[in-house]
$ cat query32.cif   # mmCIF, C-alpha atoms
data_target
#
loop_
_atom_site.label_atom_id
_atom_site.label_comp_id
_atom_site.auth_asym_id
_atom_site.auth_seq_id
_atom_site.Cartn_x
_atom_site.Cartn_y
_atom_site.Cartn_z
CA MET A 26 -99.97 -22.64 13.57
CA GLY A 27 -101.65 -19.64 15.11
CA ARG A 28 -98.31 -18.37 16.39
CA GLY A 29 -96.75 -18.76 12.91
CA ALA A 30 -99.54 -16.71 11.39
CA CYS A 31 -99.01 -13.98 13.98
CA ASP A 32 -95.25 -13.97 13.35
CA ASP A 33 -95.81 -13.65 9.59
CA GLY A 34 -98.16 -10.75 10.17
CA GLY A 35 -95.61 -9.02 12.35
CA VAL A 36 -92.88 -9.39 9.72
CA THR A 37 -95.21 -7.99 7.09
CA ARG A 38 -96.01 -4.97 9.23
CA VAL A 39 -92.32 -4.33 9.92
CA ARG A 40 -91.50 -4.54 6.22
CA SER A 41 -94.39 -2.23 5.31
CA THR A 42 -93.27 0.30 7.91
CA ALA A 43 -89.66 0.15 6.71
CA ARG A 44 -90.75 0.64 3.10
CA ALA A 45 -92.95 3.61 4.04
CA LEU A 46 -90.06 5.22 5.92
CA ARG A 47 -87.70 4.64 3.00
CA LEU A 48 -90.15 6.19 0.53
CA ALA A 49 -90.75 9.17 2.83
CA ARG A 50 -87.01 9.75 3.09
CA GLU A 51 -86.67 9.44 -0.69
CA ARG A 52 -89.49 11.94 -1.23
CA ALA A 53 -87.89 14.42 1.19
CA ARG A 54 -84.52 14.15 -0.57
CA PHE A 55 -86.15 14.65 -3.97
CA GLU A 56 -88.00 17.76 -2.75
CA LEU A 57 -84.77 19.18 -1.38
CA TRP A 58 -83.08 18.53 -4.72
CA THR A 59 -85.83 20.37 -6.63
CA ARG A 60 -85.38 23.37 -4.33
CA ARG A 61 -81.66 23.36 -5.08
CA LEU A 62 -82.42 23.13 -8.79
CA ASP A 63 -84.83 26.07 -8.63
CA ALA A 64 -82.31 28.14 -6.66
CA ALA A 65 -79.56 27.41 -9.19
CA LEU A 66 -81.85 28.35 -12.08
CA ARG A 67 -82.88 31.61 -10.42
CA ARG A 68 -79.27 32.60 -9.87
CA ALA A 69 -78.79 32.24 -13.63
CA GLY A 70 -81.99 34.09 -14.57
CA GLY A 71 -84.40 31.15 -14.83
CA ARG A 72 -86.88 29.28 -12.68
CA LEU A 73 -88.37 25.80 -12.17
CA GLU A 74 -91.95 24.76 -12.88
CA LEU A 75 -92.44 21.41 -11.13
CA ASP A 76 -95.19 18.88 -11.76
CA ALA A 77 -94.04 15.76 -9.93
CA PRO A 78 -96.64 14.79 -7.31
CA HIS A 79 -95.16 11.29 -6.97
CA GLY A 80 -91.53 12.35 -6.73
CA ALA A 81 -89.01 9.97 -8.28
CA HIS A 82 -87.02 6.87 -7.39
CA PHE A 83 -83.24 7.13 -7.58
CA TYR A 84 -79.94 5.62 -6.53
CA GLU A 85 -78.50 9.11 -6.36
CA LEU A 86 -79.95 12.45 -7.34
CA PRO A 87 -78.95 14.01 -10.68
CA SER A 88 -76.02 16.38 -10.97
CA ILE A 89 -76.97 19.88 -12.09
CA GLU A 90 -75.09 22.03 -14.63
CA ILE A 91 -76.73 25.43 -15.12
CA HIS A 92 -75.54 27.99 -17.69
CA PRO A 93 -76.84 31.59 -17.95
CA TYR A 94 -77.49 31.36 -21.71
CA GLY A 95 -80.38 31.16 -24.11
CA PRO A 96 -83.30 33.23 -25.39
CA GLY A 97 -86.75 32.57 -23.97
CA ASP A 98 -88.78 32.93 -20.80
CA GLY A 99 -86.17 31.20 -18.63
CA THR A 100 -88.43 28.36 -17.49
CA LEU A 101 -87.56 24.71 -16.93
CA THR A 102 -90.69 22.55 -16.73
CA LEU A 103 -90.07 19.23 -14.99
CA ARG A 104 -93.04 16.87 -15.29
CA LEU A 105 -92.75 13.34 -13.87
CA GLY A 106 -95.22 10.45 -13.82
CA ARG A 107 -95.41 7.57 -11.33
CA ASP A 108 -92.41 5.41 -10.46
CA VAL A 109 -89.89 7.31 -12.59
CA MET A 110 -86.38 5.92 -12.07
CA LEU A 111 -83.25 8.12 -12.17
CA GLY A 112 -79.97 6.20 -12.42
CA ARG A 113 -76.60 6.93 -10.88
CA GLY A 114 -74.55 9.70 -12.43
CA LEU A 115 -77.46 11.30 -14.31
CA ILE A 116 -76.48 14.82 -15.45
CA LEU A 117 -79.01 17.55 -16.20
CA GLU A 118 -77.46 20.43 -18.16
CA VAL A 119 -79.71 23.46 -18.70
CA TRP A 120 -79.50 26.83 -20.41
CA ALA A 121 -81.33 28.80 -17.73
CA GLY A 122 -82.41 31.67 -19.98
CA ALA A 123 -84.21 29.42 -22.47
CA ARG A 124 -87.55 27.60 -22.38
CA ASN A 125 -86.87 23.95 -21.53
CA ILE A 126 -89.11 20.95 -20.85
CA VAL A 127 -88.49 17.48 -19.41
CA GLU A 128 -91.47 15.10 -19.37
CA LEU A 129 -91.09 11.53 -18.13
CA GLY A 130 -94.08 9.19 -18.28
CA ASP A 131 -95.00 6.51 -15.78
CA ARG A 132 -92.11 4.12 -15.06
CA ALA A 133 -89.78 5.91 -17.49
CA THR A 134 -86.15 5.12 -16.66
CA PHE A 135 -82.77 6.78 -17.08
CA ARG A 136 -79.95 4.34 -16.30
CA ALA A 137 -76.44 5.20 -15.10
CA GLY A 138 -74.46 8.05 -16.60
CA VAL A 139 -77.12 9.50 -18.90
CA ARG A 140 -76.67 13.19 -19.85
CA VAL A 141 -79.67 15.37 -20.74
CA GLN A 142 -78.72 18.69 -22.40
CA LEU A 143 -81.46 21.30 -22.68
CA ARG A 144 -80.54 24.35 -24.73
CA GLY A 145 -83.97 25.75 -25.41
CA GLY A 146 -85.56 22.38 -26.13
CA ALA A 147 -87.74 19.55 -24.85
CA VAL A 148 -87.10 15.92 -23.93
CA ARG A 149 -90.22 13.76 -23.62
CA LEU A 150 -90.28 10.07 -22.68
CA GLY A 151 -93.45 8.00 -22.84
CA ASP A 152 -94.59 5.43 -20.30
CA ASP A 153 -92.10 2.59 -19.71
CA ALA A 154 -89.42 4.13 -21.96
CA ARG A 155 -85.89 3.12 -20.93
CA VAL A 156 -82.66 4.95 -21.77
CA ARG A 157 -79.62 2.82 -20.99
CA ASP A 158 -76.25 3.76 -19.57
CA TYR A 159 -74.17 6.70 -20.85
CA SER A 160 -76.63 7.85 -23.47
CA LEU A 161 -76.89 11.52 -24.51
CA LEU A 162 -80.12 13.39 -25.23
CA GLU A 163 -79.37 16.89 -26.56
CA ALA A 164 -82.24 19.25 -27.39
CA SER A 165 -80.72 22.44 -28.84
CA GLY A 166 -83.82 24.39 -29.79
CA GLY A 167 -85.68 21.22 -30.78
CA GLU A 168 -87.64 18.33 -29.32
CA ILE A 169 -86.77 14.72 -28.58
CA ALA A 170 -89.98 12.68 -28.27
CA LEU A 171 -89.85 8.99 -27.34
CA GLY A 172 -93.05 6.94 -27.35
CA ARG A 173 -94.20 4.21 -24.99
CA CYS A 174 -91.84 1.32 -24.26
CA VAL A 175 -88.96 2.75 -26.32
CA GLN A 176 -85.74 0.92 -25.45
CA PHE A 177 -82.20 2.32 -25.87
CA GLY A 178 -78.98 0.37 -25.64
CA ALA A 179 -75.93 1.90 -23.96
CA GLY A 180 -74.25 4.93 -25.47
CA VAL A 181 -77.08 6.10 -27.76
CA CYS A 182 -76.86 9.80 -28.79
CA LEU A 183 -79.79 11.91 -30.03
CA HIS A 184 -79.34 15.53 -31.20
CA ALA A 185 -82.45 17.60 -31.94
CA THR A 186 -82.32 21.07 -33.47
CA GLU A 187 -85.95 20.73 -34.62
CA ARG A 188 -87.41 17.28 -33.86
CA VAL A 189 -86.37 13.66 -33.39
CA ALA A 190 -89.44 11.49 -32.79
CA LEU A 191 -89.54 7.75 -32.11
CA GLY A 192 -92.85 5.88 -31.97
CA ASP A 193 -94.00 3.28 -29.45
CA HIS A 194 -91.87 0.16 -28.98
CA VAL A 195 -88.92 1.42 -31.03
CA THR A 196 -85.65 -0.26 -30.03
CA VAL A 197 -82.26 1.37 -30.67
CA GLY A 198 -79.02 -0.59 -30.43
CA GLU A 199 -75.86 0.41 -28.60
CA ARG A 200 -73.78 3.38 -29.79
CA THR A 201 -76.31 4.58 -32.34
CA SER A 202 -76.51 8.32 -33.12
CA MET A 203 -79.29 10.42 -34.64
CA PHE A 204 -78.85 13.98 -35.98
CA ASP A 205 -81.66 16.11 -37.40
CA SER A 206 -79.19 18.77 -38.60
CA ASP A 207 -75.78 19.16 -40.19
CA HIS A 208 -73.53 22.02 -41.27
CA ARG A 209 -73.33 22.95 -44.93
CA HIS A 210 -69.87 23.53 -46.41
CA ASP A 211 -69.34 25.81 -49.41
CA GLY A 212 -65.70 24.79 -49.89
CA SER A 213 -64.37 28.12 -48.62
CA ASP A 214 -62.02 28.75 -45.70
CA ALA A 215 -64.92 29.86 -43.50
CA PRO A 216 -65.02 27.62 -40.40
CA VAL A 217 -67.56 24.89 -40.91
CA VAL A 218 -69.22 25.62 -37.55
CA ASP A 219 -69.95 29.17 -38.76
CA GLN A 220 -71.61 28.04 -41.97
CA PRO A 221 -75.39 27.59 -42.29
CA VAL A 222 -77.10 24.59 -40.75
CA ALA A 223 -79.53 22.41 -42.69
CA VAL A 224 -82.31 20.96 -40.56
CA THR A 225 -84.90 18.27 -41.34
CA PRO A 226 -86.80 16.31 -38.64
CA ILE A 227 -86.32 12.58 -38.08
CA GLU A 228 -89.44 10.41 -37.72
CA ILE A 229 -89.24 6.71 -36.83
CA ALA A 230 -92.58 4.92 -36.63
CA SER A 231 -93.59 2.31 -34.08
CA ASN A 232 -92.03 -1.11 -33.47
CA THR A 233 -88.89 -0.44 -35.52
CA PHE A 234 -85.47 -1.84 -34.61
CA ILE A 235 -82.26 0.11 -35.31
CA GLY A 236 -79.14 -2.05 -35.07
CA ALA A 237 -76.08 -1.17 -33.00
CA ASN A 238 -73.50 1.35 -34.25
CA SER A 239 -75.92 2.90 -36.75
CA ILE A 240 -76.26 6.58 -37.73
CA VAL A 241 -79.62 8.14 -38.58
CA LEU A 242 -79.28 11.42 -40.47
CA ARG A 243 -81.61 14.37 -40.90
CA GLY A 244 -84.72 13.81 -42.94
CA ALA A 245 -85.01 10.06 -42.32
CA ARG A 246 -88.68 8.99 -42.29
CA VAL A 247 -89.00 5.35 -41.30
CA GLY A 248 -92.25 3.40 -41.47
CA ALA A 249 -93.55 1.03 -38.82
CA ASN A 250 -92.31 -2.53 -38.18
CA CYS A 251 -88.88 -2.16 -39.81
CA MET A 252 -85.47 -3.59 -38.95
CA PHE A 253 -82.14 -1.96 -39.81
CA ALA A 254 -78.95 -4.01 -39.73
CA ALA A 255 -76.07 -3.04 -37.46
CA ALA A 256 -73.85 -0.17 -38.65
CA SER A 257 -76.51 1.21 -40.99
CA VAL A 258 -76.16 4.78 -42.27
CA VAL A 259 -79.81 5.84 -42.58
CA ARG A 260 -79.77 8.88 -44.85
CA GLY A 261 -82.62 11.30 -45.35
CA GLY A 262 -85.56 9.85 -47.24
CA LYS A 263 -88.64 7.69 -46.88
CA TYR A 264 -88.24 4.06 -45.80
CA PRO A 265 -91.50 2.10 -46.20
CA GLY A 266 -92.58 0.02 -43.23
CA GLY A 267 -92.40 -3.75 -42.89
CA PHE A 268 -88.95 -4.43 -44.38
CA LEU A 269 -85.46 -5.49 -43.35
CA TYR A 270 -82.90 -2.88 -44.47
CA ALA A 271 -79.15 -3.37 -44.73
CA GLY A 272 -76.16 -1.85 -46.49
CA VAL A 273 -74.78 1.67 -46.90
CA PRO A 274 -77.02 3.32 -47.85
CA PRO A 275 -79.65 0.87 -46.58
CA ARG A 276 -81.64 -1.07 -49.14
CA ALA A 277 -84.75 -3.13 -48.54
CA ILE A 278 -83.58 -6.75 -48.46
CA ARG A 279 -86.86 -8.53 -47.87
CA ALA A 280 -90.32 -8.13 -46.40
CA LEU A 281 -90.54 -9.17 -42.76
CA ARG A 282 -93.98 -10.79 -43.18
CA PRO A 283 -94.28 -13.84 -45.45
CA GLY A 284 -96.24 -13.24 -48.63
CA GLU A 285 -95.60 -9.50 -48.74
CA PRO A 286 -94.75 -7.94 -52.14
CA ALA A 287 -91.21 -7.22 -53.28
CA PRO A 288 -89.37 -4.53 -51.27
CA GLU A 289 -89.68 -0.89 -52.23
CA GLN A 290 -86.41 1.00 -52.23
CA PRO A 291 -86.06 4.14 -50.09
CA GLU A 292 -86.97 7.45 -51.67
CA PRO A 293 -84.05 9.90 -51.33
CA GLU A 294 -84.65 13.14 -49.50
CA PRO A 295 -84.28 16.25 -51.71
CA GLU A 296 -81.50 18.56 -50.67
CA PRO A 297 -83.07 21.27 -48.44
CA GLN A 298 -82.05 24.88 -48.29
CA PRO A 299 -80.59 26.19 -45.03
CA GLY A 300 -83.16 27.15 -42.41
CA PRO A 301 -84.44 30.69 -41.97
CA GLU A 302 -82.26 31.30 -38.95
CA PRO A 303 -78.81 29.95 -39.88
CA GLU A 304 -76.92 32.22 -37.49
CA LEU A 305 -79.00 31.12 -34.48
CA ARG A 306 -78.76 27.47 -35.45
CA ALA A 307 -75.00 27.76 -35.98
CA ARG A 308 -74.65 29.33 -32.54
CA LEU A 309 -76.61 26.51 -30.96
CA GLU A 310 -74.48 23.96 -32.78
CA ARG A 311 -71.29 25.64 -31.60
CA GLY A 312 -72.52 25.29 -28.04
CA SER A 313 -72.91 21.53 -28.54
CA THR A 314 -69.47 20.90 -30.02
#

$ encode --input "query32.cif" --output "structure tokens"
Amino acid sequence: MGRGACDDGGVTRVRSTARALRLARERARFELWTRRLDAALRRAGGRLELDAPHGAHFYELPSIEIHPYGPGDGTLTLRLGRDVMLGRGLILEVWAGARNIVELGDRATFRAGVRVQLRGGAVRLGDDARVRDYSLLEASGGEIALGRCVQFGAGVCLHATERVALGDHVTVGERTSMFDSDHRHDGSDAPVVDQPVAVTPIEIASNTFIGANSIVLRGARVGANCMFAAASVVRGGKYPGGFLYAGVPPRAIRALRPGEPAPEQPEPEPEPQPGPEPELRARLERGST
């Protein structure tokens, strides 16, 4: 019995040593990658500000696509919490001349094939947020902010010209897209991508579920504890919390808690005027098409 205890202790020590060596090698590879990233940014007129004392876990390090575009101070801030996981095939695309921010909370995860496009914007993930395979997060002058424990299915696309914000515990089904901007069209022959861009932030409160294959359009303001059926087209407007919504456009079908009053129907968003900088916004949109 004494020998068995000694053998178990030896195995434990070997495993602990192997794990420590693996983590040290992972940390060294991550530090080398950040140096390559900083060098690539500097060649394009930018630089890296790194705040990642714990490094990151990864199957393979992200691919880097650096472009010498964008107004700003030319700084990419990369801030990582503990036990961040970077999946295979992750792509980080950056406009080096712009001000860009990536913040990943503790245990935040990007799965395989995710693309993060930073064109003078910010992408922030809260603790335990998970972005599944082949999703796209594009911040073109705006901010994408995901709260704690946000869950994305595969192929989700978010586009932020101003702000797309999801509260804690929001779940988004596969192949859902969210756009906080769209091009106006005056009916003329002027190319639509050259026409002014209308922008209104998207706000989705905590513990809301968005079904697969849905589209959330600019100006949508969703209350807490909602569910949207698959293939919903969530237009701009206010959607009170606590209801199941379905249809195109979505209508409140029933309250999710027994005994709640009859559903309130969404309040439509008034048609906004184009933003104060239509030419800049149009240029950013052209870069994303």

$ closest_residue --input "query32.cif" --among "A:Ala123, A:Val141, A:Val259, A:Ala254" --to "Ile227 of chain A" --atoms "all atoms listed in the file"
A:Val259

$ resolve_selection --input "query32.cif" --expression "the PyMOL selection byres ((chain A and resi 183-191) around 9)" --output "ChimeraX atom specification"
/A:146,160-172,175,181-182,192-195,201-206,224-231,233,243,306,309-310

$ atom_distance --input "query32.cif" --atom1 "atom CA of Phe83 of chain A" --atom2 "atom CA of Ile116 of chain A"
12.9 Å

$ resolve_selection --input "query32.cif" --expression "the PyMOL selection byres ((chain A and resi 106) around 9)" --output "MDAnalysis selection string"
chainID A and resid 76:81 104:105 107:109 128:133 152

$ atom_distance --input "query32.cif" --atom1 "atom CA of Ile235 of chain A" --atom2 "atom CA of Val273 of chain A"
13.9 Å

$ residues_around --input "query32.cif" --residues "Ala255 of chain A" --least-positions-apart "2" --cutoff "9 Å" --atoms "all atoms listed in the file" --output "PyMOL selection string"
chain A and resi 198+235-239+253+257+271

$ residues_around --input "query32.cif" --residues "Ile126 of chain A" --least-positions-apart "5" --cutoff "6 Å" --atoms "all atoms listed in the file" --output "list of chain:residue names"
A:Leu101, A:Thr102, A:Ala147

$ closest_residue --input "query32.cif" --among "A:Leu111, A:Leu62, A:Ile91, A:Leu143" --to "Asp158 of chain A" --atoms "all atoms listed in the file"
A:Leu111
